[in-house]
Structure formats: structure tokens, C-alpha cells
Amino acid sequence: MDELDFTAIAHEGLAFMNPLAEEDVDEMVEALELEPGAHVLDLGCGKAEVLLRVVERYPDVRATGLDRSLVVLAEARRQAEERVPESKVTLVEQDVRDYAPEPGSFDLVISTGGVSFRGGVGGTLAVLSGFVAPGGKLLFGEGYWREEPSAEYLVALGAAREELRDYEGTIDAALDLGLDLKRAVTTSVEDWDTYEDAWARNGERYADAHDGEEGVEELRRWIDAGRERYRELGGRDVLGFGFFLFER
């Protein structure tokens with residue numbers, strides 16, 4: 001097993017692979033106001049839950065989701081066949097960093113924390129906005145610094161301080177690219193707690209049920225590191241998650 005497998009195991013039964021609240025996602029989807037025939041792209045789509053909710057609300061769009069995990073894409077395909085069987089949804093196994101569509105190809109681009117390009121948040125927003133057609137929208141979910149992270153926390157997270165910005169800095173990065181902010185919500189600490197506890201318990205249940213199998217001890221260590229990072233090294237106080245709707 002590798003980290004992609006660990007992530008899939010930990011998120012079994014969870015709608016989102018991040019701390020987003022369902023009501024926030026549904027309100028944001030409603031605000032999209034997509035026209036029939038709109039072309040939608042979800043990069044790092046995971047189980048494609050946000051993409052599928054878009055298609056359920058706007059059934060005449062054309063939708064494409066990319067992710068590099070075959071396991072979570074299999075779940076996304078099952079969900080698509082069950083929930084939107086007649087829709088135009090294409091789900092593709094691909095590293096999004098290798099994806100190079102024609103500039104301005106999409107009326108809506110979605111990225112909810114599963115994408116990172118060179119240059120951190122600013123560089124990622126620059127790449128994503130380039131995929132958006134003039135007048136199109138970018139639905140962007142990403143972490144931000146609520147407080148200054150410690151060096152110990154950054155090492156545990158496997159990230160550099162400059163990869164993320166604070167809340168205002170994230171918005172400013174988009175504004176600097178000529179994007180307009182239309183709507184924004186942030187994840188509550190309670191939603192973070194629920195998410196962190198849920199994925200860790202999922203992993204622990206799997207490890208208990210498969211004790212002694214190959215990769216299980218590595219899974220346990222991965223879960224323990226995540227719990228420590230969140231509860232003991234400051235993640236609960238330091239890291240926020242924002243969900244932003246921008247228009248180009």
C-alpha cells in the first residue's frame with residue numbers, strides 16, 4: 001500500500017475528502033448559475049462529490065474530473081452511474097500537473113485542495129485561472145494559515161510556509177490575477193474536528209480488521225502522525241480551509 005491507498009481507506013464513507021460542510025458546498029453550487037452546455041473541469045476530483053453535485057443541479061453541463069488515484073476514481077464512477085447515469089460525465093486517471101488543455105477551455109474549473117502547482121497558492125491559482133474562459137468561474141477550496149505555523153508543524157505537514165497564505169492573502173492572490181471574488185465560506189473548527197476524527201477512525205478500524213497484513217503498520221503510523229499533527233503540533237489552531245468562488 002502507498003499513501004494514495006491510505007487516503008482512500010481513511011475516506012471510506014465520507015462524502016468529501018476535505019473538511020467542507022455539505023450545506024456550504026450546496027450553497028456554492030447554487031450560486032454558480034451555469035448555463036446549459038457549460039463545460040466543467042474538476043482537477044484532483046477525488047470521489048468527484050462536488051462535481052456530481054454540480055451535475056445534479058445543472059444536468060445539461062459537460063463535466064470532466066481528473067484524479068491520479070484509481071481507487072477513489074472507481075468510487076466516483078460508481079457514484080456517477082448511480083446518481084447521474086444519463087449525464088455527460090468523464091472521469092480520467094491522470095496527474096493534474098500533466099494536464100494541459102487549451103487556455104480558456106472551461107466555463108467552470110473546480111479545485112478543492114487536491115491540486116498544487118509550483119509557486120504555492122499563487123502559482124496554482126495562476127494555472128487554474130488560465131483554464132477558465134472569459135466570464136467563467138473558478139471554485140477553489142484550499143487551506144490557509146489562521147495563525148503562523150511553527151517549524152515543527154511544517155515539518156510534520158510536509159509543507160513550506162510560503163505554499164499557503166492567510167485568508168486575505170489567498171483572496172489577494174486571485175485578485176492579482178484579475179479574478180473577482182463572488183462568494184467565500186470558511187470551515188469551522190467543529191467541521192475540522194469532525195473531519196479529522198472521521199478519517200482517522202476509518203483508518204484505525206481498517207487497521208484493526210487487517211492486523212498483520214502488508215502495509216497495515218505503515219497505515220497506523222500514517223494515522224498516528226495525522227492525529228499528532230492536528231491535535232498536538234498546532235494544526236487545529238493554525239490551518240484553516242476556505243472555499244472561494246471567483247469569476248474571470
# chains A, B, ... in the order shown; residues from 1 in each chain; ligands from 1

$ select_by_dssp --residues "range 19-237 of chain A" --states "alpha helix (DSSP H)" --output "ChimeraX atom specification"
/A:22-30,49-57,70-83,120-130,151-157,167-175,189-209,216-231,235-237

$ residues_around --residues "Leu164 in chain A" --least-positions-apart "3" --cutoff "10 Å" --atoms "only C-alpha atoms" --output "VMD selection string"
chain A and resid 119 to 122 142 to 145 159 to 161 167 169 to 170 239

$ residues_around --residues "range 65-78 of chain A" --least-positions-apart "5" --cutoff "6 Å" --atoms "only C-alpha atoms" --output "list in words"
Leu41, Asp42, Leu43, Gly44, Cys45, Gly46, Lys47, Ala48, Leu91, Val92, Glu93, Gln94 and Asp95 of chain A

$ write_last_selection --atoms "N, CA, C and O atoms" --output "compact mmCIF listing (two decimals), in the first residue's frame"
# COMPACT_ATOMS: atom_id res chain seq x y z
N LEU A 41 -14.69 21.41 -15.37
CA LEU A 41 -13.50 20.61 -15.10
C LEU A 41 -13.25 20.58 -13.60
O LEU A 41 -13.23 21.63 -12.95
N ASP A 42 -13.04 19.38 -13.04
CA ASP A 42 -12.67 19.23 -11.63
C ASP A 42 -11.29 18.57 -11.59
O ASP A 42 -11.14 17.40 -11.97
N LEU A 43 -10.30 19.31 -11.11
CA LEU A 43 -8.93 18.82 -11.05
C LEU A 43 -8.63 18.30 -9.65
O LEU A 43 -8.83 19.00 -8.66
N GLY A 44 -8.13 17.05 -9.58
CA GLY A 44 -7.95 16.41 -8.28
C GLY A 44 -9.31 16.13 -7.67
O GLY A 44 -9.55 16.40 -6.50
N CYS A 45 -10.20 15.54 -8.47
CA CYS A 45 -11.62 15.44 -8.11
C CYS A 45 -11.89 14.45 -6.99
O CYS A 45 -12.95 14.50 -6.36
N GLY A 46 -10.95 13.53 -6.70
CA GLY A 46 -11.22 12.53 -5.68
C GLY A 46 -12.44 11.71 -6.03
O GLY A 46 -12.56 11.20 -7.14
N LYS A 47 -13.38 11.62 -5.10
CA LYS A 47 -14.62 10.88 -5.35
C LYS A 47 -15.59 11.65 -6.24
O LYS A 47 -16.69 11.17 -6.52
N ALA A 48 -15.20 12.85 -6.64
CA ALA A 48 -15.99 13.71 -7.53
C ALA A 48 -17.30 14.17 -6.91
O ALA A 48 -18.25 14.47 -7.62
N LEU A 91 -14.58 10.71 -16.25
CA LEU A 91 -13.65 10.65 -15.13
C LEU A 91 -12.36 9.96 -15.61
O LEU A 91 -12.41 8.85 -16.13
N VAL A 92 -11.24 10.64 -15.41
CA VAL A 92 -9.99 10.22 -16.04
C VAL A 92 -8.89 10.09 -14.98
O VAL A 92 -8.73 10.98 -14.12
N GLU A 93 -8.14 8.98 -15.05
CA GLU A 93 -6.97 8.83 -14.20
C GLU A 93 -5.81 9.62 -14.82
O GLU A 93 -5.33 9.26 -15.91
N GLN A 94 -5.38 10.66 -14.14
CA GLN A 94 -4.27 11.46 -14.66
C GLN A 94 -3.75 12.36 -13.56
O GLN A 94 -4.51 12.87 -12.74
N ASP A 95 -2.45 12.55 -13.54
CA ASP A 95 -1.84 13.54 -12.66
C ASP A 95 -2.19 14.91 -13.23
O ASP A 95 -1.84 15.23 -14.37

$ residues_around --residues "range 138-141 of chain A" --least-positions-apart "3" --cutoff "8 Å" --atoms "only C-alpha atoms" --output "list of chain:residue names"
A:Leu108, A:Val109, A:Ile110, A:Ser111, A:Thr112, A:Gly113, A:Leu128, A:Ser129, A:Val132, A:Phe241, A:Gly242, A:Phe243, A:Phe244, A:Leu245, A:Phe246, A:Glu247, A:Arg248

$ write_last_selection --atoms "all heavy atoms" --output "compact mmCIF listing (two decimals), in the first residue's frame"
# COMPACT_ATOMS: atom_id res chain seq x y z
N LEU A 108 -16.35 26.44 -15.98
CA LEU A 108 -16.15 26.31 -14.55
C LEU A 108 -14.99 25.35 -14.31
O LEU A 108 -14.96 24.24 -14.85
CB LEU A 108 -17.41 25.75 -13.86
CG LEU A 108 -17.25 25.34 -12.39
CD1 LEU A 108 -16.94 26.55 -11.51
CD2 LEU A 108 -18.50 24.61 -11.89
N VAL A 109 -14.03 25.77 -13.49
CA VAL A 109 -12.96 24.91 -13.03
C VAL A 109 -13.10 24.76 -11.52
O VAL A 109 -13.29 25.75 -10.81
CB VAL A 109 -11.57 25.49 -13.39
CG1 VAL A 109 -10.46 24.66 -12.76
CG2 VAL A 109 -11.39 25.53 -14.90
N ILE A 110 -13.01 23.52 -11.05
CA ILE A 110 -13.14 23.20 -9.62
C ILE A 110 -11.82 22.63 -9.14
O ILE A 110 -11.21 21.77 -9.79
CB ILE A 110 -14.25 22.16 -9.38
CG1 ILE A 110 -15.59 22.65 -9.94
CG2 ILE A 110 -14.38 21.82 -7.90
CD1 ILE A 110 -16.65 21.54 -10.00
N SER A 111 -11.38 23.09 -7.98
CA SER A 111 -10.21 22.51 -7.31
C SER A 111 -10.44 22.66 -5.82
O SER A 111 -10.54 23.77 -5.31
CB SER A 111 -8.93 23.22 -7.73
OG SER A 111 -7.84 22.78 -6.94
N THR A 112 -10.52 21.54 -5.12
CA THR A 112 -10.82 21.58 -3.68
C THR A 112 -9.70 20.94 -2.88
O THR A 112 -9.85 19.89 -2.27
CB THR A 112 -12.16 20.89 -3.37
OG1 THR A 112 -12.16 19.57 -3.95
CG2 THR A 112 -13.32 21.68 -3.94
N GLY A 113 -8.55 21.56 -2.91
CA GLY A 113 -7.44 21.14 -2.07
C GLY A 113 -6.65 19.96 -2.57
O GLY A 113 -5.73 19.51 -1.89
N LEU A 128 -4.80 27.51 -12.72
CA LEU A 128 -6.23 27.20 -12.80
C LEU A 128 -7.00 28.29 -13.54
O LEU A 128 -7.89 27.99 -14.36
CB LEU A 128 -6.80 27.02 -11.40
CG LEU A 128 -6.23 25.86 -10.57
CD1 LEU A 128 -6.86 25.87 -9.17
CD2 LEU A 128 -6.47 24.53 -11.25
N SER A 129 -6.68 29.54 -13.25
CA SER A 129 -7.42 30.63 -13.91
C SER A 129 -7.18 30.63 -15.42
O SER A 129 -8.05 31.05 -16.19
CB SER A 129 -7.03 31.97 -13.31
OG SER A 129 -5.67 32.28 -13.53
N VAL A 132 -9.82 28.81 -17.35
CA VAL A 132 -11.17 29.34 -17.28
C VAL A 132 -11.43 30.30 -18.45
O VAL A 132 -10.62 31.19 -18.72
CB VAL A 132 -11.40 30.08 -15.95
CG1 VAL A 132 -12.82 30.64 -15.87
CG2 VAL A 132 -11.14 29.14 -14.77
N PHE A 241 -9.51 26.32 6.27
CA PHE A 241 -9.84 25.87 4.91
C PHE A 241 -10.92 26.80 4.36
O PHE A 241 -11.96 26.98 4.98
CB PHE A 241 -10.36 24.43 4.92
CG PHE A 241 -10.40 23.78 3.56
CD1 PHE A 241 -9.28 23.12 3.07
CD2 PHE A 241 -11.53 23.84 2.77
CE1 PHE A 241 -9.29 22.53 1.80
CE2 PHE A 241 -11.56 23.26 1.51
CZ PHE A 241 -10.42 22.60 1.02
N GLY A 242 -10.60 27.39 3.23
CA GLY A 242 -11.54 28.31 2.58
C GLY A 242 -12.08 27.74 1.29
O GLY A 242 -11.43 26.95 0.62
N PHE A 243 -13.31 28.14 0.97
CA PHE A 243 -13.98 27.71 -0.25
C PHE A 243 -14.43 28.99 -0.96
O PHE A 243 -15.28 29.74 -0.45
CB PHE A 243 -15.16 26.83 0.10
CG PHE A 243 -15.68 25.96 -1.00
CD1 PHE A 243 -14.85 25.47 -1.99
CD2 PHE A 243 -17.02 25.60 -1.05
CE1 PHE A 243 -15.33 24.64 -3.00
CE2 PHE A 243 -17.51 24.77 -2.03
CZ PHE A 243 -16.66 24.30 -3.01
N PHE A 244 -13.84 29.26 -2.13
CA PHE A 244 -13.98 30.56 -2.79
C PHE A 244 -14.58 30.38 -4.18
O PHE A 244 -14.19 29.48 -4.93
CB PHE A 244 -12.62 31.23 -2.94
CG PHE A 244 -11.82 31.31 -1.67
CD1 PHE A 244 -10.92 30.29 -1.31
CD2 PHE A 244 -11.95 32.39 -0.81
CE1 PHE A 244 -10.16 30.38 -0.17
CE2 PHE A 244 -11.20 32.47 0.35
CZ PHE A 244 -10.31 31.47 0.69
N LEU A 245 -15.47 31.28 -4.55
CA LEU A 245 -15.99 31.33 -5.90
C LEU A 245 -15.49 32.61 -6.55
O LEU A 245 -15.82 33.72 -6.12
CB LEU A 245 -17.52 31.30 -5.90
CG LEU A 245 -18.19 31.45 -7.28
CD1 LEU A 245 -17.75 30.34 -8.22
CD2 LEU A 245 -19.71 31.47 -7.13
N PHE A 246 -14.66 32.44 -7.59
CA PHE A 246 -14.12 33.57 -8.34
C PHE A 246 -14.69 33.56 -9.76
O PHE A 246 -15.07 32.51 -10.29
CB PHE A 246 -12.60 33.47 -8.44
CG PHE A 246 -11.87 33.52 -7.12
CD1 PHE A 246 -11.27 32.37 -6.61
CD2 PHE A 246 -11.78 34.69 -6.40
CE1 PHE A 246 -10.59 32.40 -5.40
CE2 PHE A 246 -11.11 34.73 -5.18
CZ PHE A 246 -10.51 33.58 -4.68
N GLU A 247 -14.72 34.74 -10.35
CA GLU A 247 -15.14 34.86 -11.74
C GLU A 247 -14.05 35.55 -12.52
O GLU A 247 -13.43 36.51 -12.03
CB GLU A 247 -16.45 35.66 -11.85
CG GLU A 247 -17.01 35.71 -13.27
CD GLU A 247 -18.40 36.33 -13.29
OE1 GLU A 247 -19.39 35.58 -13.14
OE2 GLU A 247 -18.48 37.57 -13.42
N ARG A 248 -13.82 35.04 -13.73
CA ARG A 248 -12.76 35.65 -14.56
C ARG A 248 -13.34 36.76 -15.43
O ARG A 248 -14.39 36.59 -16.01
CB ARG A 248 -12.14 34.57 -15.45
CG ARG A 248 -10.97 35.07 -16.27
CD ARG A 248 -10.34 33.99 -17.11
NE ARG A 248 -9.27 34.56 -17.92
CZ ARG A 248 -8.72 33.96 -18.96
NH1 ARG A 248 -9.12 32.76 -19.33
NH2 ARG A 248 -7.76 34.54 -19.65

$ select_by_dssp --residues "range 28-195 of chain A" --states "strand (DSSP E)" --output "ChimeraX atom specification"
/A:39-43,62-67,88-93,106-112,132-145,180-186

$ residues_around --residues "Glu102 in chain A" --least-positions-apart "2" --cutoff "9 Å" --atoms "only C-alpha atoms" --output "PyMOL selection string"
chain A and resi 100+104-105+130-131

$ closest_atom_pairs --of "range 67-180 of chain A" --to "range 227-231 of chain A" --cutoff "12 Å" --atoms "only C-alpha atoms" --output "Markdown table"
| residue | atom | partner | partner_atom | distance |
| --- | --- | --- | --- | --- |
| A:Pro149 | CA | A:Arg229 | CA | 11.4 |
| A:Ser150 | CA | A:Arg229 | CA | 11.3 |
| A:Glu152 | CA | A:Arg229 | CA | 9.2 |
| A:Tyr153 | CA | A:Arg229 | CA | 6.7 |
| A:Leu154 | CA | A:Arg229 | CA | 9.3 |
| A:Val155 | CA | A:Arg229 | CA | 9.6 |
| A:Ala156 | CA | A:Arg229 | CA | 6.3 |
| A:Leu157 | CA | A:Arg229 | CA | 7.1 |
| A:Gly158 | CA | A:Arg229 | CA | 10.5 |

$ residues_around --residues "Val189 in chain A" --least-positions-apart "6" --cutoff "9 Å" --atoms "only C-alpha atoms" --output "list in words"
Arg236, Asp237 and Gly240 of chain A

$ write_last_selection --atoms "C-alpha atoms" --output "PDB file, in the first residue's frame"
ATOM      1  CA  ARG A 236      -6.254  22.650  14.878  1.00  0.00           C
ATOM      2  CA  ASP A 237      -5.314  26.280  15.529  1.00  0.00           C
ATOM      3  CA  GLY A 240      -7.994  26.874   8.076  1.00  0.00           C
TER       4      GLY A 240
END

$ atom_distance --atom1 "CA of Ala63 in chain A" --atom2 "CA of Tyr195 in chain A"
26.9 Å

$ atom_distance --atom1 "CA of Gly13 in chain A" --atom2 "CA of Tyr58 in chain A"
24.7 Å

$ decode --residues "range 52-88 of chain A" --atoms "C-alpha atoms" --output "PDB file, in the first residue's frame"
ATOM      1  CA  LEU A  52     -21.508  15.300  -9.139  1.00  0.00           C
ATOM      2  CA  ARG A  53     -23.456  17.841  -7.107  1.00  0.00           C
ATOM      3  CA  VAL A  54     -22.818  20.364  -9.864  1.00  0.00           C
ATOM      4  CA  VAL A  55     -24.128  17.920 -12.467  1.00  0.00           C
ATOM      5  CA  GLU A  56     -27.165  17.038 -10.355  1.00  0.00           C
ATOM      6  CA  ARG A  57     -28.033  20.737 -10.100  1.00  0.00           C
ATOM      7  CA  TYR A  58     -27.158  21.564 -13.733  1.00  0.00           C
ATOM      8  CA  PRO A  59     -27.854  18.341 -15.685  1.00  0.00           C
ATOM      9  CA  ASP A  60     -27.115  19.825 -19.107  1.00  0.00           C
ATOM     10  CA  VAL A  61     -23.432  20.590 -18.456  1.00  0.00           C
ATOM     11  CA  ARG A  62     -20.495  18.588 -19.755  1.00  0.00           C
ATOM     12  CA  ALA A  63     -18.246  17.509 -16.885  1.00  0.00           C
ATOM     13  CA  THR A  64     -14.701  16.142 -16.661  1.00  0.00           C
ATOM     14  CA  GLY A  65     -12.951  15.014 -13.496  1.00  0.00           C
ATOM     15  CA  LEU A  66      -9.259  14.121 -13.154  1.00  0.00           C
ATOM     16  CA  ASP A  67      -7.515  12.306 -10.330  1.00  0.00           C
ATOM     17  CA  ARG A  68      -4.436  10.102 -10.035  1.00  0.00           C
ATOM     18  CA  SER A  69      -5.955   7.564  -7.629  1.00  0.00           C
ATOM     19  CA  LEU A  70      -7.629   4.617  -9.335  1.00  0.00           C
ATOM     20  CA  VAL A  71      -9.275   3.598  -6.058  1.00  0.00           C
ATOM     21  CA  VAL A  72     -11.128   6.843  -5.450  1.00  0.00           C
ATOM     22  CA  LEU A  73     -11.946   7.200  -9.148  1.00  0.00           C
ATOM     23  CA  ALA A  74     -13.619   3.794  -9.011  1.00  0.00           C
ATOM     24  CA  GLU A  75     -15.871   5.119  -6.254  1.00  0.00           C
ATOM     25  CA  ALA A  76     -16.505   8.295  -8.269  1.00  0.00           C
ATOM     26  CA  ARG A  77     -17.574   6.211 -11.259  1.00  0.00           C
ATOM     27  CA  ARG A  78     -19.937   4.126  -9.121  1.00  0.00           C
ATOM     28  CA  GLN A  79     -21.495   7.271  -7.737  1.00  0.00           C
ATOM     29  CA  ALA A  80     -21.820   8.813 -11.208  1.00  0.00           C
ATOM     30  CA  GLU A  81     -23.527   5.721 -12.622  1.00  0.00           C
ATOM     31  CA  GLU A  82     -25.966   5.668  -9.717  1.00  0.00           C
ATOM     32  CA  ARG A  83     -26.750   9.365  -9.423  1.00  0.00           C
ATOM     33  CA  VAL A  84     -26.323  10.872 -12.907  1.00  0.00           C
ATOM     34  CA  PRO A  85     -26.445   7.929 -15.326  1.00  0.00           C
ATOM     35  CA  GLU A  86     -27.617   9.976 -18.319  1.00  0.00           C
ATOM     36  CA  SER A  87     -25.217  12.880 -17.846  1.00  0.00           C
ATOM     37  CA  LYS A  88     -22.060  13.723 -19.734  1.00  0.00           C
TER      38      LYS A  88
END
